[in-house]
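Colleague: Below is input-v7.cif; it holds mmCIF, C-alpha atoms.
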```cif
data_model
#
loop_
_atom_site.label_atom_id
_atom_site.label_comp_id
_atom_site.auth_asym_id
_atom_site.auth_seq_id
_atom_site.Cartn_x
_atom_site.Cartn_y
_atom_site.Cartn_z
CA MET Z 1 0.00 0.00 0.00
CA LYS Z 2 1.18 3.51 -0.78
CA LEU Z 3 -0.09 6.29 1.50
CA ALA Z 4 0.72 9.98 1.08
CA LEU Z 5 0.02 12.24 4.05
CA LEU Z 6 0.04 15.99 3.41
CA ILE Z 7 0.46 16.67 7.10
CA THR Z 8 0.30 20.48 6.96
CA ALA Z 9 -0.65 23.39 4.72
CA HIS Z 10 1.85 25.62 6.54
CA CYS Z 11 4.87 26.57 4.41
CA ASN Z 12 7.55 29.22 4.51
CA ALA Z 13 7.16 29.80 0.76
CA GLY Z 14 4.27 31.00 -1.38
CA CYS Z 15 5.14 29.56 -4.77
CA THR Z 16 3.00 30.60 -7.74
CA HIS Z 17 2.60 27.03 -8.96
CA CYS Z 18 1.38 25.65 -5.58
CA SER Z 19 -2.05 24.23 -6.44
CA THR Z 20 -3.01 23.93 -2.76
CA SER Z 21 -2.06 27.54 -1.95
CA CYS Z 22 0.15 26.56 0.98
CA GLY Z 23 2.03 29.36 2.68
CA PRO Z 24 2.98 31.17 5.91
CA HIS Z 25 -0.65 32.19 6.48
CA ARG Z 26 -1.95 28.61 6.49
CA SER Z 27 -2.24 26.67 9.75
CA GLU Z 28 -4.40 23.66 8.83
CA HIS Z 29 -2.75 20.36 9.70
CA LEU Z 30 -3.36 16.75 10.61
CA SER Z 31 -2.91 16.18 14.33
CA ARG Z 32 -0.33 13.79 15.71
CA GLU Z 33 -3.15 11.46 16.75
CA GLN Z 34 -4.73 11.52 13.29
CA ILE Z 35 -1.41 10.82 11.57
CA PHE Z 36 -0.58 7.94 13.89
CA ARG Z 37 -4.06 6.44 13.47
CA LEU Z 38 -3.83 6.59 9.68
CA ILE Z 39 -0.42 4.89 9.73
CA ASP Z 40 -1.71 2.24 12.17
CA GLU Z 41 -4.77 1.51 10.02
CA ALA Z 42 -2.66 1.42 6.84
CA ALA Z 43 -0.29 -1.07 8.46
CA GLU Z 44 -3.21 -3.31 9.42
CA LEU Z 45 -4.71 -3.14 5.93
CA ASN Z 46 -1.36 -3.83 4.31
CA GLY Z 47 -0.89 -7.24 5.92
CA SER Z 48 2.48 -8.78 5.14
CA GLU Z 49 3.29 -6.37 2.29
CA LYS Z 50 5.57 -3.39 2.77
CA LEU Z 51 3.72 -0.19 3.63
CA ARG Z 52 5.10 2.91 1.92
CA VAL Z 53 4.41 6.26 3.57
CA LEU Z 54 5.14 9.62 1.92
CA LEU Z 55 5.10 12.70 4.17
CA SER Z 56 4.63 16.09 2.57
CA GLY Z 57 2.84 19.41 2.99
CA GLY Z 58 3.23 22.35 2.98
CA GLU Z 59 6.69 22.09 4.47
CA PRO Z 60 6.96 19.21 6.97
CA PHE Z 61 10.38 20.32 8.28
CA LEU Z 62 8.71 23.36 9.90
CA ALA Z 63 7.45 20.99 12.61
CA PHE Z 64 10.65 18.97 12.80
CA ASP Z 65 10.02 17.26 16.14
CA LEU Z 66 6.64 16.04 14.89
CA LEU Z 67 8.25 14.88 11.65
CA LEU Z 68 10.78 12.84 13.65
CA ASP Z 69 8.02 11.27 15.76
CA VAL Z 70 5.95 10.38 12.69
CA VAL Z 71 8.95 8.83 10.93
CA ARG Z 72 9.73 6.74 14.04
CA HIS Z 73 6.13 5.62 14.34
CA ALA Z 74 5.95 4.60 10.68
CA ARG Z 75 9.28 2.77 10.99
CA ASP Z 76 7.94 0.87 14.00
CA LYS Z 77 5.05 -0.26 11.77
CA ARG Z 78 7.64 -1.62 9.32
CA ALA Z 79 6.88 1.09 6.77
CA ILE Z 80 9.27 2.49 4.18
CA VAL Z 81 9.13 6.23 4.90
CA THR Z 82 9.99 9.12 2.61
CA CYS Z 83 9.28 12.85 2.73
CA VAL Z 84 9.28 15.92 0.48
CA THR Z 85 10.82 19.27 1.42
CA ASN Z 86 11.93 22.55 -0.15
CA ALA Z 87 15.30 22.44 1.71
CA TYR Z 88 14.91 25.86 3.34
CA TRP Z 89 16.61 24.40 6.42
CA ALA Z 90 19.98 23.88 4.70
CA THR Z 91 21.39 27.20 5.94
CA SER Z 92 24.75 25.50 6.40
CA ILE Z 93 26.18 22.14 5.45
CA GLU Z 94 26.60 21.30 9.16
CA LYS Z 95 22.95 21.97 9.96
CA ALA Z 96 21.79 20.06 6.89
CA ARG Z 97 23.86 17.02 7.90
CA ASP Z 98 22.58 17.17 11.48
CA LEU Z 99 18.89 17.24 10.49
CA LEU Z 100 19.28 14.47 7.94
CA ARG Z 101 21.24 12.28 10.38
CA GLN Z 102 18.40 12.64 12.90
CA LEU Z 103 15.83 11.65 10.30
CA LYS Z 104 17.90 8.73 9.09
CA ALA Z 105 18.30 7.49 12.67
CA ALA Z 106 14.53 7.80 13.14
CA GLY Z 107 13.97 5.56 10.13
CA LEU Z 108 13.68 7.79 7.07
CA ARG Z 109 14.70 5.77 4.02
CA SER Z 110 14.89 8.60 1.46
CA PHE Z 111 13.59 12.08 0.77
CA ALA Z 112 12.92 14.43 -2.12
CA ILE Z 113 13.59 18.12 -2.65
CA SER Z 114 11.14 20.16 -4.71
CA THR Z 115 12.55 23.14 -6.56
CA SER Z 116 11.84 25.31 -9.58
CA ARG Z 117 12.04 28.93 -10.65
CA PHE Z 118 8.98 29.47 -8.43
CA HIS Z 119 10.63 27.92 -5.36
CA GLN Z 120 13.81 29.88 -5.95
CA GLN Z 121 12.01 33.17 -5.28
CA PHE Z 122 11.88 31.97 -1.67
CA ILE Z 123 14.53 29.25 -1.33
CA LYS Z 124 17.81 29.94 -3.08
CA ARG Z 125 19.46 27.22 -5.12
CA GLN Z 126 22.47 27.19 -2.80
CA ARG Z 127 20.31 25.69 -0.03
CA VAL Z 128 19.09 22.97 -2.35
CA GLU Z 129 22.68 22.21 -3.30
CA ARG Z 130 23.72 22.04 0.38
CA ALA Z 131 20.86 19.65 1.14
CA LEU Z 132 21.83 17.43 -1.79
CA GLN Z 133 25.47 17.34 -0.69
CA ALA Z 134 24.45 16.62 2.90
CA SER Z 135 22.30 13.70 1.72
CA ARG Z 136 25.37 12.18 0.10
CA ASP Z 137 27.46 12.83 3.20
CA VAL Z 138 25.06 11.03 5.56
CA GLY Z 139 24.12 8.26 3.13
CA LEU Z 140 20.46 9.19 2.70
CA ARG Z 141 19.06 8.81 -0.80
CA CYS Z 142 17.65 12.03 -2.27
CA THR Z 143 15.59 12.74 -5.38
CA LEU Z 144 15.31 16.18 -6.90
CA LYS Z 145 11.83 17.10 -8.16
CA TYR Z 146 11.99 19.95 -10.63
CA VAL Z 147 8.95 21.78 -12.05
CA ARG Z 148 9.94 23.24 -15.39
CA VAL Z 149 8.42 25.87 -17.68
CA ARG Z 150 9.14 26.29 -21.37
CA ASP Z 151 11.55 29.21 -21.06
CA ASP Z 152 13.62 27.87 -18.16
CA SER Z 153 17.33 28.50 -18.54
CA LEU Z 154 17.92 24.77 -17.95
CA ASP Z 155 16.29 22.19 -20.21
CA GLU Z 156 15.57 18.65 -19.01
CA ARG Z 157 19.15 17.54 -19.68
CA GLY Z 158 20.52 20.64 -17.98
CA VAL Z 159 18.42 20.10 -14.86
CA ARG Z 160 19.61 16.50 -14.61
CA SER Z 161 23.24 17.48 -15.08
CA TRP Z 162 23.08 20.20 -12.41
CA ALA Z 163 21.20 18.04 -9.90
CA THR Z 164 23.40 14.95 -10.21
CA SER Z 165 26.58 17.00 -9.98
CA ALA Z 166 25.17 18.60 -6.81
CA GLY Z 167 24.54 15.18 -5.27
CA ALA Z 168 21.05 14.05 -6.27
CA HIS Z 169 20.65 10.29 -6.64
CA ASP Z 170 17.73 10.73 -9.03
CA VAL Z 171 15.95 13.55 -10.87
CA GLN Z 172 12.26 13.87 -11.72
CA ASP Z 173 11.43 16.61 -14.17
CA PHE Z 174 7.79 17.75 -14.31
CA PRO Z 175 6.20 20.23 -16.72
CA LEU Z 176 4.17 23.02 -15.12
CA LEU Z 177 0.46 22.17 -14.96
CA PRO Z 178 -2.24 24.88 -15.07
CA HIS Z 179 -3.37 24.45 -11.47
CA LEU Z 180 -1.79 27.38 -9.71
CA ARG Z 181 -2.04 29.23 -6.41
CA ALA Z 182 -5.42 30.88 -5.89
CA GLY Z 183 -5.43 34.16 -7.83
CA ALA Z 184 -2.17 33.39 -9.68
CA SER Z 185 -1.72 33.02 -13.43
CA ALA Z 186 1.01 32.07 -15.88
CA PRO Z 187 1.30 32.92 -19.58
CA GLU Z 188 0.33 30.15 -21.99
CA SER Z 189 3.91 30.21 -23.28
CA SER Z 190 5.02 28.78 -19.91
CA TYR Z 191 3.42 25.40 -20.54
CA ILE Z 192 5.27 22.52 -22.19
CA ARG Z 193 2.67 20.56 -24.15
CA ASP Z 194 2.31 18.26 -27.12
CA ALA Z 195 -0.48 18.61 -29.65
CA GLY Z 196 -3.37 16.18 -29.41
CA VAL Z 197 -4.80 14.09 -26.59
CA PRO Z 198 -2.35 11.86 -24.67
CA THR Z 199 -3.03 8.16 -24.28
CA GLY Z 200 -2.16 5.85 -21.42
CA THR Z 201 -3.26 4.89 -17.94
CA CYS Z 202 -2.77 6.55 -14.55
CA PRO Z 203 1.00 6.49 -13.83
CA GLY Z 204 0.96 7.42 -10.16
CA ALA Z 205 -2.07 6.36 -8.14
CA ILE Z 206 -1.32 6.82 -4.45
CA LEU Z 207 -3.91 7.16 -1.70
CA THR Z 208 -3.43 10.76 -0.61
CA VAL Z 209 -4.80 12.36 2.56
CA ARG Z 210 -4.73 16.14 2.76
CA GLU Z 211 -4.25 18.27 5.86
CA ASP Z 212 -8.04 18.60 6.26
CA GLY Z 213 -8.60 14.84 6.07
CA ARG Z 214 -10.01 14.62 2.55
CA ALA Z 215 -8.63 11.66 0.61
CA PHE Z 216 -7.86 11.53 -3.11
CA THR Z 217 -6.66 9.23 -5.87
CA CYS Z 218 -3.23 10.88 -6.16
CA CYS Z 219 -1.27 13.99 -5.22
CA THR Z 220 -0.78 15.45 -8.71
CA PRO Z 221 -1.40 19.22 -8.89
CA GLY Z 222 -5.06 19.69 -9.76
CA ALA Z 223 -6.12 16.27 -8.46
CA PHE Z 224 -7.89 17.56 -5.35
CA THR Z 225 -11.33 17.67 -6.93
CA THR Z 226 -14.69 16.04 -6.30
CA LEU Z 227 -14.19 13.62 -9.19
CA LEU Z 228 -11.00 12.22 -7.68
CA GLN Z 229 -12.00 12.29 -4.01
CA VAL Z 230 -12.37 8.87 -2.38
CA GLY Z 231 -13.59 9.88 1.05
CA HIS Z 232 -12.59 11.66 4.24
CA ALA Z 233 -9.92 9.79 6.14
CA THR Z 234 -10.35 11.54 9.50
CA ARG Z 235 -14.12 10.96 9.59
CA ASP Z 236 -14.27 7.55 7.95
CA SER Z 237 -12.16 4.47 8.53
CA LEU Z 238 -9.15 4.15 6.28
CA ARG Z 239 -10.50 0.73 5.31
CA ASP Z 240 -13.56 2.35 3.71
CA VAL Z 241 -11.49 5.06 2.04
CA ASN Z 242 -9.03 2.50 0.72
CA ALA Z 243 -11.86 0.35 -0.63
CA ARG Z 244 -13.16 3.32 -2.62
CA PHE Z 245 -9.64 4.01 -3.82
CA HIS Z 246 -9.48 0.49 -5.26
CA VAL Z 247 -13.02 -0.20 -6.48
CA GLY Z 248 -14.40 3.25 -7.34
CA GLY Z 249 -15.48 3.53 -10.96
CA VAL Z 250 -13.33 6.58 -11.70
CA GLN Z 251 -10.28 4.99 -10.11
CA GLN Z 252 -10.69 1.69 -11.96
CA ILE Z 253 -11.15 3.45 -15.29
CA LEU Z 254 -8.06 5.60 -14.76
CA ARG Z 255 -5.90 2.60 -13.81
CA ARG Z 256 -7.22 0.22 -16.48
CA LYS Z 257 -7.85 2.51 -19.45
CA GLY Z 258 -6.85 6.06 -18.56
CA PRO Z 259 -8.73 9.37 -18.78
CA GLY Z 260 -9.09 8.93 -22.54
CA GLU Z 261 -11.94 6.53 -21.72
CA PHE Z 262 -14.10 9.58 -20.93
CA LEU Z 263 -13.57 11.23 -24.32
CA GLU Z 264 -16.23 9.29 -26.24
CA ALA Z 265 -18.92 10.45 -23.82
CA ILE Z 266 -17.55 14.01 -23.84
CA ARG Z 267 -17.76 14.12 -27.63
CA ALA Z 268 -21.19 12.46 -27.68
CA ARG Z 269 -22.49 15.26 -25.46
CA ALA Z 270 -20.99 17.90 -27.78
CA GLN Z 271 -18.54 19.11 -25.13
CA ALA Z 272 -15.27 18.40 -26.96
CA HIS Z 273 -14.73 22.15 -27.34
CA ARG Z 274 -13.97 22.23 -23.61
CA LEU Z 275 -10.85 20.12 -24.20
CA ARG Z 276 -7.54 21.75 -25.06
CA SER Z 277 -5.67 21.15 -28.29
CA SER Z 278 -2.52 20.09 -26.43
CA TYR Z 279 -1.51 18.50 -23.13
CA ALA Z 280 1.67 17.91 -21.14
CA SER Z 281 0.78 14.38 -20.07
CA VAL Z 282 -1.97 11.92 -19.18
CA CYS Z 283 -2.06 13.59 -15.75
CA ASP Z 284 -2.67 16.95 -17.40
CA LEU Z 285 -5.64 15.50 -19.31
CA CYS Z 286 -7.00 13.79 -16.19
CA THR Z 287 -6.83 16.87 -13.97
CA HIS Z 288 -8.26 19.07 -16.74
CA ILE Z 289 -11.33 16.83 -16.96
CA ALA Z 290 -11.58 16.67 -13.17
CA ALA Z 291 -11.34 20.45 -12.74
CA ASP Z 292 -13.91 21.32 -15.42
CA PRO Z 293 -17.42 21.05 -13.89
CA VAL Z 294 -19.06 19.94 -17.15
CA LEU Z 295 -16.38 17.42 -18.12
CA GLY Z 296 -16.17 16.19 -14.53
CA ALA Z 297 -19.92 15.56 -14.47
CA ILE Z 298 -19.70 13.55 -17.70
CA ALA Z 299 -16.80 11.52 -16.31
CA THR Z 300 -18.85 10.82 -13.19
CA GLU Z 301 -21.73 9.50 -15.33
CA VAL Z 302 -19.35 7.21 -17.21
CA ALA Z 303 -17.82 5.97 -13.93
CA ASP Z 304 -21.24 5.40 -12.33
CA ALA Z 305 -22.33 3.34 -15.35
CA PHE Z 306 -19.09 1.35 -15.10
CA GLU Z 307 -19.78 0.60 -11.43
CA VAL Z 308 -23.34 -0.57 -12.26
CA ARG Z 309 -21.95 -2.94 -14.88
CA GLN Z 310 -19.40 -4.25 -12.38
CA VAL Z 311 -22.10 -4.94 -9.79
CA SER Z 312 -24.37 -6.58 -12.38
CA ALA Z 313 -21.54 -8.85 -13.49
CA LEU Z 314 -20.87 -9.90 -9.89
CA VAL Z 315 -24.55 -10.64 -9.30
CA GLU Z 316 -24.80 -12.71 -12.49
CA SER Z 317 -21.65 -14.60 -11.52
CA ALA Z 318 -23.07 -15.33 -8.06
CA ILE Z 319 -26.35 -16.58 -9.54
CA THR Z 320 -24.49 -18.83 -11.97
CA VAL Z 321 -22.41 -20.32 -9.15
CA THR Z 322 -25.51 -20.88 -7.01
CA CYS Z 323 -27.37 -22.58 -9.83
#
```
If you convert what's in this file into structure tokens, what do you get?
Modeller:
Amino acid sequence: MKLALLITAHCNAGCTHCSTSCGPHRSEHLSREQIFRLIDEAAELNGSEKLRVLLSGGEPFLAFDLLLDVVRHARDKRAIVTCVTNAYWATSIEKARDLLRQLKAAGLRSFAISTSRFHQQFIKRQRVERALQASRDVGLRCTLKYVRVRDDSLDERGVRSWATSAGAHDVQDFPLLPHLRAGASAPESSYIRDAGVPTGTCPGAILTVREDGRAFTCCTPGAFTTLLQVGHATRDSLRDVNARFHVGGVQQILRRKGPGEFLEAIRARAQAHRLRSSYASVCDLCTHIAADPVLGAIATEVADAFEVRQVSALVESAITVTC
């Protein structure tokens, strides 16, 4: 089982591309008790398989003692624990090493640093580089996550070269998606897209619980919509939320066939004009459909019909077995 916990909306940065509008003014968070309960329930549901827990925000390092406690608790449940940070804390190489050593001792297996031109308005690249070097020094695997726009000074190859030379073990390069901070905008020329509609299935389903308890199919920017919500993990049991994550019509369609499965119904209802002429990825198409109220409603109809067919098939199968 893969479980992402966005434990806080509090962040020391206010990046333009932050689709959840995290920042210094935000205080919403999951409580220690809620986090521990979710990890406990996930461990029970997971059985003998390895539980994977991703901790993110907001900026989880802002509550460092809590982060340490959560990592220890997840480790004690035999989970593989990772986290995501902006590396603001790497004010010196000594401090960066100290914090990472504490996390490694607590049970953190790896972590990721998010950066981009948007991050760098708040967190200078030198801090990212210190954090990457410190990860090498203490033997903690680190991935650099880079959100790129079309006119970045570094292309995909340039980002990878810079990051690996600075100490990153891996690099993930993501194109900017059009789900920005509330009230923010970016010129169309910023987006890296290919003409046409992308094909393929969901590449990154992970049960994601936000700081307010709402649970979703993944943590891609733009995914926190009604279409992709699978419950409320602090009001409902994680077992129920996880069941919806696995058997929900939308979720099954995305994993088996991809968001392109909704296009026939969209065209049949004369709503194809609401689609764009180009997309960055399957995720871009999925979150576009989910964010558009008309397209999202059509996708819901398709998913509901899929669920009815699934139930009918199960009933027929049961009758056949009984007979």
Colleague: To one decimal in Å, tell me the separation between atom CA of Ala134 of chain Z and atom CA of Lys2 of chain Z.
Modeller: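 Separation between atom CA of Ala134 of chain Z and atom CA of Lys2 of chain Z: 27.0 Å.
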Colleague: With a distance cut-off of 8 Å and only C-alpha atoms, select the neighbouring residues of Glu41 of chain Z, excluding the residue or stretch itself and same-chain residues fewer than 4 positions from it, and output the selection as JSON, numbers by chain.
Modeller: {"Z": [37, 45, 238, 239]}
Colleague: Give me the result of the PyMOL selection byres ((chain Z and resi 99) around 12) on this file, residue by residue, as a PyMOL selection string.
Modeller: chain Z and resi 61-62+64-65+67-68+87-98+100-106+108+131+134-135+138+140
Colleague: Check which residues satisfy the PyMOL selection byres ((chain Z and resi 282) around 7) in the file shown, then give them as a PDB file with C-alpha atoms, in the frame of the given file.
Modeller:
```pdb
ATOM      1  CA  PRO Z 198      -2.350  11.860 -24.670  1.00  0.00           C
ATOM      2  CA  THR Z 199      -3.030   8.160 -24.280  1.00  0.00           C
ATOM      3  CA  GLY Z 200      -2.160   5.850 -21.420  1.00  0.00           C
ATOM      4  CA  SER Z 281       0.780  14.380 -20.070  1.00  0.00           C
ATOM      5  CA  CYS Z 283      -2.060  13.590 -15.750  1.00  0.00           C
ATOM      6  CA  ASP Z 284      -2.670  16.950 -17.400  1.00  0.00           C
ATOM      7  CA  LEU Z 285      -5.640  15.500 -19.310  1.00  0.00           C
ATOM      8  CA  CYS Z 286      -7.000  13.790 -16.190  1.00  0.00           C
TER       9      CYS Z 286
END
```
Colleague: Report the residues retrieved by the PyMOL selection byres ((chain Z and resi 155-172) around 10) from the displayed file, expressed as JSON, numbers by chain.
Modeller: {"Z": [112, 113, 114, 116, 126, 128, 129, 130, 131, 132, 133, 134, 135, 136, 137, 140, 141, 142, 143, 144, 145, 146, 147, 148, 149, 150, 151, 152, 153, 154, 173, 174, 175]}
Colleague: Restricted to C-alpha atoms, what would the selected residues look like written as a PDB file, in the coordinates of the input?
Modeller:
```pdb
ATOM      1  CA  ALA Z 112      12.920  14.430  -2.120  1.00  0.00           C
ATOM      2  CA  ILE Z 113      13.590  18.120  -2.650  1.00  0.00           C
ATOM      3  CA  SER Z 114      11.140  20.160  -4.710  1.00  0.00           C
ATOM      4  CA  SER Z 116      11.840  25.310  -9.580  1.00  0.00           C
ATOM      5  CA  GLN Z 126      22.470  27.190  -2.800  1.00  0.00           C
ATOM      6  CA  VAL Z 128      19.090  22.970  -2.350  1.00  0.00           C
ATOM      7  CA  GLU Z 129      22.680  22.210  -3.300  1.00  0.00           C
ATOM      8  CA  ARG Z 130      23.720  22.040   0.380  1.00  0.00           C
ATOM      9  CA  ALA Z 131      20.860  19.650   1.140  1.00  0.00           C
ATOM     10  CA  LEU Z 132      21.830  17.430  -1.790  1.00  0.00           C
ATOM     11  CA  GLN Z 133      25.470  17.340  -0.690  1.00  0.00           C
ATOM     12  CA  ALA Z 134      24.450  16.620   2.900  1.00  0.00           C
ATOM     13  CA  SER Z 135      22.300  13.700   1.720  1.00  0.00           C
ATOM     14  CA  ARG Z 136      25.370  12.180   0.100  1.00  0.00           C
ATOM     15  CA  ASP Z 137      27.460  12.830   3.200  1.00  0.00           C
ATOM     16  CA  LEU Z 140      20.460   9.190   2.700  1.00  0.00           C
ATOM     17  CA  ARG Z 141      19.060   8.810  -0.800  1.00  0.00           C
ATOM     18  CA  CYS Z 142      17.650  12.030  -2.270  1.00  0.00           C
ATOM     19  CA  THR Z 143      15.590  12.740  -5.380  1.00  0.00           C
ATOM     20  CA  LEU Z 144      15.310  16.180  -6.900  1.00  0.00           C
ATOM     21  CA  LYS Z 145      11.830  17.100  -8.160  1.00  0.00           C
ATOM     22  CA  TYR Z 146      11.990  19.950 -10.630  1.00  0.00           C
ATOM     23  CA  VAL Z 147       8.950  21.780 -12.050  1.00  0.00           C
ATOM     24  CA  ARG Z 148       9.940  23.240 -15.390  1.00  0.00           C
ATOM     25  CA  VAL Z 149       8.420  25.870 -17.680  1.00  0.00           C
ATOM     26  CA  ARG Z 150       9.140  26.290 -21.370  1.00  0.00           C
ATOM     27  CA  ASP Z 151      11.550  29.210 -21.060  1.00  0.00           C
ATOM     28  CA  ASP Z 152      13.620  27.870 -18.160  1.00  0.00           C
ATOM     29  CA  SER Z 153      17.330  28.500 -18.540  1.00  0.00           C
ATOM     30  CA  LEU Z 154      17.920  24.770 -17.950  1.00  0.00           C
ATOM     31  CA  ASP Z 173      11.430  16.610 -14.170  1.00  0.00           C
ATOM     32  CA  PHE Z 174       7.790  17.750 -14.310  1.00  0.00           C
ATOM     33  CA  PRO Z 175       6.200  20.230 -16.720  1.00  0.00           C
TER      34      PRO Z 175
END
```
Colleague: Do you have the atom CA of Ala186 of chain Z-atom CA of His17 of chain Z distance handy?
Modeller: 8.7 Å
Colleague: Counting all atoms listed in the file, figure out which residue out of Z:Val230, Z:Cys219, Z:Ala265, Z:Ala184 gets nearest to Phe118 of chain Z.
Modeller: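 Closest candidate: Z:Ala184.
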Colleague: Please indicate the distance in Å from atom CA of Val241 of chain Z to atom CA of Arg75 of chain Z, rounded to one decimal place.
Modeller: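 It comes out at 22.7 Å.
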Colleague: So that I can check the surroundings of Leu55 of chain Z, please list as a ChimeraX atom specification every protein, DNA and RNA residue that reaches within 12 Å of it, counting all atoms listed in the file and ignoring chain neighbours fewer than 6 positions away.
Modeller: /Z:2-8,30,35,39,61,66-68,70-71,74,80-85,108-112,208-211,219
Colleague: Restricting the calculation to all atoms listed in the file, which member of Z:Cys22, Z:Leu176, Z:Val308, Z:Ala272 is positioned closest to Val294 of chain Z?
Modeller: Z:Ala272
Colleague: Please list as a ChimeraX atom specification every residue within 10 Å of Phe224 of chain Z, counting only C-alpha atoms and excluding residues in the same chain fewer than 2 positions away.
Modeller: /Z:19-20,208-210,214-222,226-229,287,290-291
Colleague: Selected residues, C-alpha atoms, written as a PDB file, in the coordinates of the input, please.
Modeller:
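Output below, filename selection30.pdb:
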```
ATOM      1  CA  SER Z  19      -2.050  24.230  -6.440  1.00  0.00           C
ATOM      2  CA  THR Z  20      -3.010  23.930  -2.760  1.00  0.00           C
ATOM      3  CA  THR Z 208      -3.430  10.760  -0.610  1.00  0.00           C
ATOM      4  CA  VAL Z 209      -4.800  12.360   2.560  1.00  0.00           C
ATOM      5  CA  ARG Z 210      -4.730  16.140   2.760  1.00  0.00           C
ATOM      6  CA  ARG Z 214     -10.010  14.620   2.550  1.00  0.00           C
ATOM      7  CA  ALA Z 215      -8.630  11.660   0.610  1.00  0.00           C
ATOM      8  CA  PHE Z 216      -7.860  11.530  -3.110  1.00  0.00           C
ATOM      9  CA  THR Z 217      -6.660   9.230  -5.870  1.00  0.00           C
ATOM     10  CA  CYS Z 218      -3.230  10.880  -6.160  1.00  0.00           C
ATOM     11  CA  CYS Z 219      -1.270  13.990  -5.220  1.00  0.00           C
ATOM     12  CA  THR Z 220      -0.780  15.450  -8.710  1.00  0.00           C
ATOM     13  CA  PRO Z 221      -1.400  19.220  -8.890  1.00  0.00           C
ATOM     14  CA  GLY Z 222      -5.060  19.690  -9.760  1.00  0.00           C
ATOM     15  CA  THR Z 226     -14.690  16.040  -6.300  1.00  0.00           C
ATOM     16  CA  LEU Z 227     -14.190  13.620  -9.190  1.00  0.00           C
ATOM     17  CA  LEU Z 228     -11.000  12.220  -7.680  1.00  0.00           C
ATOM     18  CA  GLN Z 229     -12.000  12.290  -4.010  1.00  0.00           C
ATOM     19  CA  THR Z 287      -6.830  16.870 -13.970  1.00  0.00           C
ATOM     20  CA  ALA Z 290     -11.580  16.670 -13.170  1.00  0.00           C
ATOM     21  CA  ALA Z 291     -11.340  20.450 -12.740  1.00  0.00           C
TER      22      ALA Z 291
END
```
Colleague: Smallest atom-to-atom distance to Ile206 of chain Z: which of Z:Gln34, Z:Asn242, Z:Leu263, Z:His232, using all atoms listed in the file?
Modeller: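 Ranked by minimum distance to Ile206 of chain Z, first place goes to Z:Asn242.
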Colleague: Which one of Z:Gln251, Z:Asp236, Z:Ser185, Z:His179 sits closest to Pro203 of chain Z if you count only C-alpha atoms?
Modeller: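 Ranking Z:Gln251, Z:Asp236, Z:Ser185, Z:His179 by distance to Pro203 of chain Z, first place goes to Z:Gln251.
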Colleague: Please provide the set of residues having any atom within 7 Å of Leu254 of chain Z, restricted to all atoms listed in the file, with same-chain residues fewer than 5 positions apart removed, written as a PyMOL selection string.
Modeller: chain Z and resi 201-202+259
Colleague: Pull the neighbourhood of (11.2, 30.4, 3.2) for me: all residues within 9 Å in file coordinates, counting all atoms listed in the file, as a ChimeraX atom specification.
Modeller: /Z:11-14,24,86,88-89,119,121-123
Colleague: Do you know which residues are at most 12 Å from Asp304 of chain Z counting only C-alpha atoms, after dropping those on the same chain fewer than 2 positions away, and could you put them as a list of chain:residue names?
Modeller: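 Selected residues are Z:Leu227, Z:Val247, Z:Gly248, Z:Gly249, Z:Val250, Z:Gln251, Z:Gln252, Z:Ile253, Z:Phe262, Z:Ala297, Z:Ile298, Z:Ala299, Z:Thr300, Z:Glu301, Z:Val302, Z:Phe306, Z:Glu307, Z:Val308, Z:Arg309, Z:Gln310, Z:Val311.
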Colleague: Please produce an output containing C-alpha atoms for each residue in the selection, written as an mmCIF file, in the frame of the given file.
Modeller:
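Printed below is out.cif as written:
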```
data_model
loop_
_atom_site.group_PDB
_atom_site.id
_atom_site.type_symbol
_atom_site.label_atom_id
_atom_site.label_comp_id
_atom_site.auth_asym_id
_atom_site.auth_seq_id
_atom_site.Cartn_x
_atom_site.Cartn_y
_atom_site.Cartn_z
ATOM 1 C CA LEU Z 227 -14.190 13.620 -9.190
ATOM 2 C CA VAL Z 247 -13.020 -0.200 -6.480
ATOM 3 C CA GLY Z 248 -14.400 3.250 -7.340
ATOM 4 C CA GLY Z 249 -15.480 3.530 -10.960
ATOM 5 C CA VAL Z 250 -13.330 6.580 -11.700
ATOM 6 C CA GLN Z 251 -10.280 4.990 -10.110
ATOM 7 C CA GLN Z 252 -10.690 1.690 -11.960
ATOM 8 C CA ILE Z 253 -11.150 3.450 -15.290
ATOM 9 C CA PHE Z 262 -14.100 9.580 -20.930
ATOM 10 C CA ALA Z 297 -19.920 15.560 -14.470
ATOM 11 C CA ILE Z 298 -19.700 13.550 -17.700
ATOM 12 C CA ALA Z 299 -16.800 11.520 -16.310
ATOM 13 C CA THR Z 300 -18.850 10.820 -13.190
ATOM 14 C CA GLU Z 301 -21.730 9.500 -15.330
ATOM 15 C CA VAL Z 302 -19.350 7.210 -17.210
ATOM 16 C CA PHE Z 306 -19.090 1.350 -15.100
ATOM 17 C CA GLU Z 307 -19.780 0.600 -11.430
ATOM 18 C CA VAL Z 308 -23.340 -0.570 -12.260
ATOM 19 C CA ARG Z 309 -21.950 -2.940 -14.880
ATOM 20 C CA GLN Z 310 -19.400 -4.250 -12.380
ATOM 21 C CA VAL Z 311 -22.100 -4.940 -9.790
#
```
Colleague: Pick from Z:Gly258, Z:Leu207, Z:Thr225, Z:Ala268: nearest to Arg244 of chain Z, with all atoms listed in the file counted?
Modeller: Z:Leu207
Colleague: Using the block above, I'd like segment 242-249 of chain Z written out, keeping C-alpha atoms and formatting it as a JSON list (two decimals), in the first residue's frame.
Modeller:
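Result went into decode.json, see below:
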```json
[["chain", "number", "residue", "atom", "x", "y", "z"],
["Z", 242, "ASN", "CA", -9.03, 2.50, 0.72],
["Z", 243, "ALA", "CA", -11.86, 0.35, -0.63],
["Z", 244, "ARG", "CA", -13.16, 3.32, -2.62],
["Z", 245, "PHE", "CA", -9.64, 4.01, -3.82],
["Z", 246, "HIS", "CA", -9.48, 0.49, -5.26],
["Z", 247, "VAL", "CA", -13.02, -0.20, -6.48],
["Z", 248, "GLY", "CA", -14.40, 3.25, -7.34],
["Z", 249, "GLY", "CA", -15.48, 3.53, -10.96]]
```
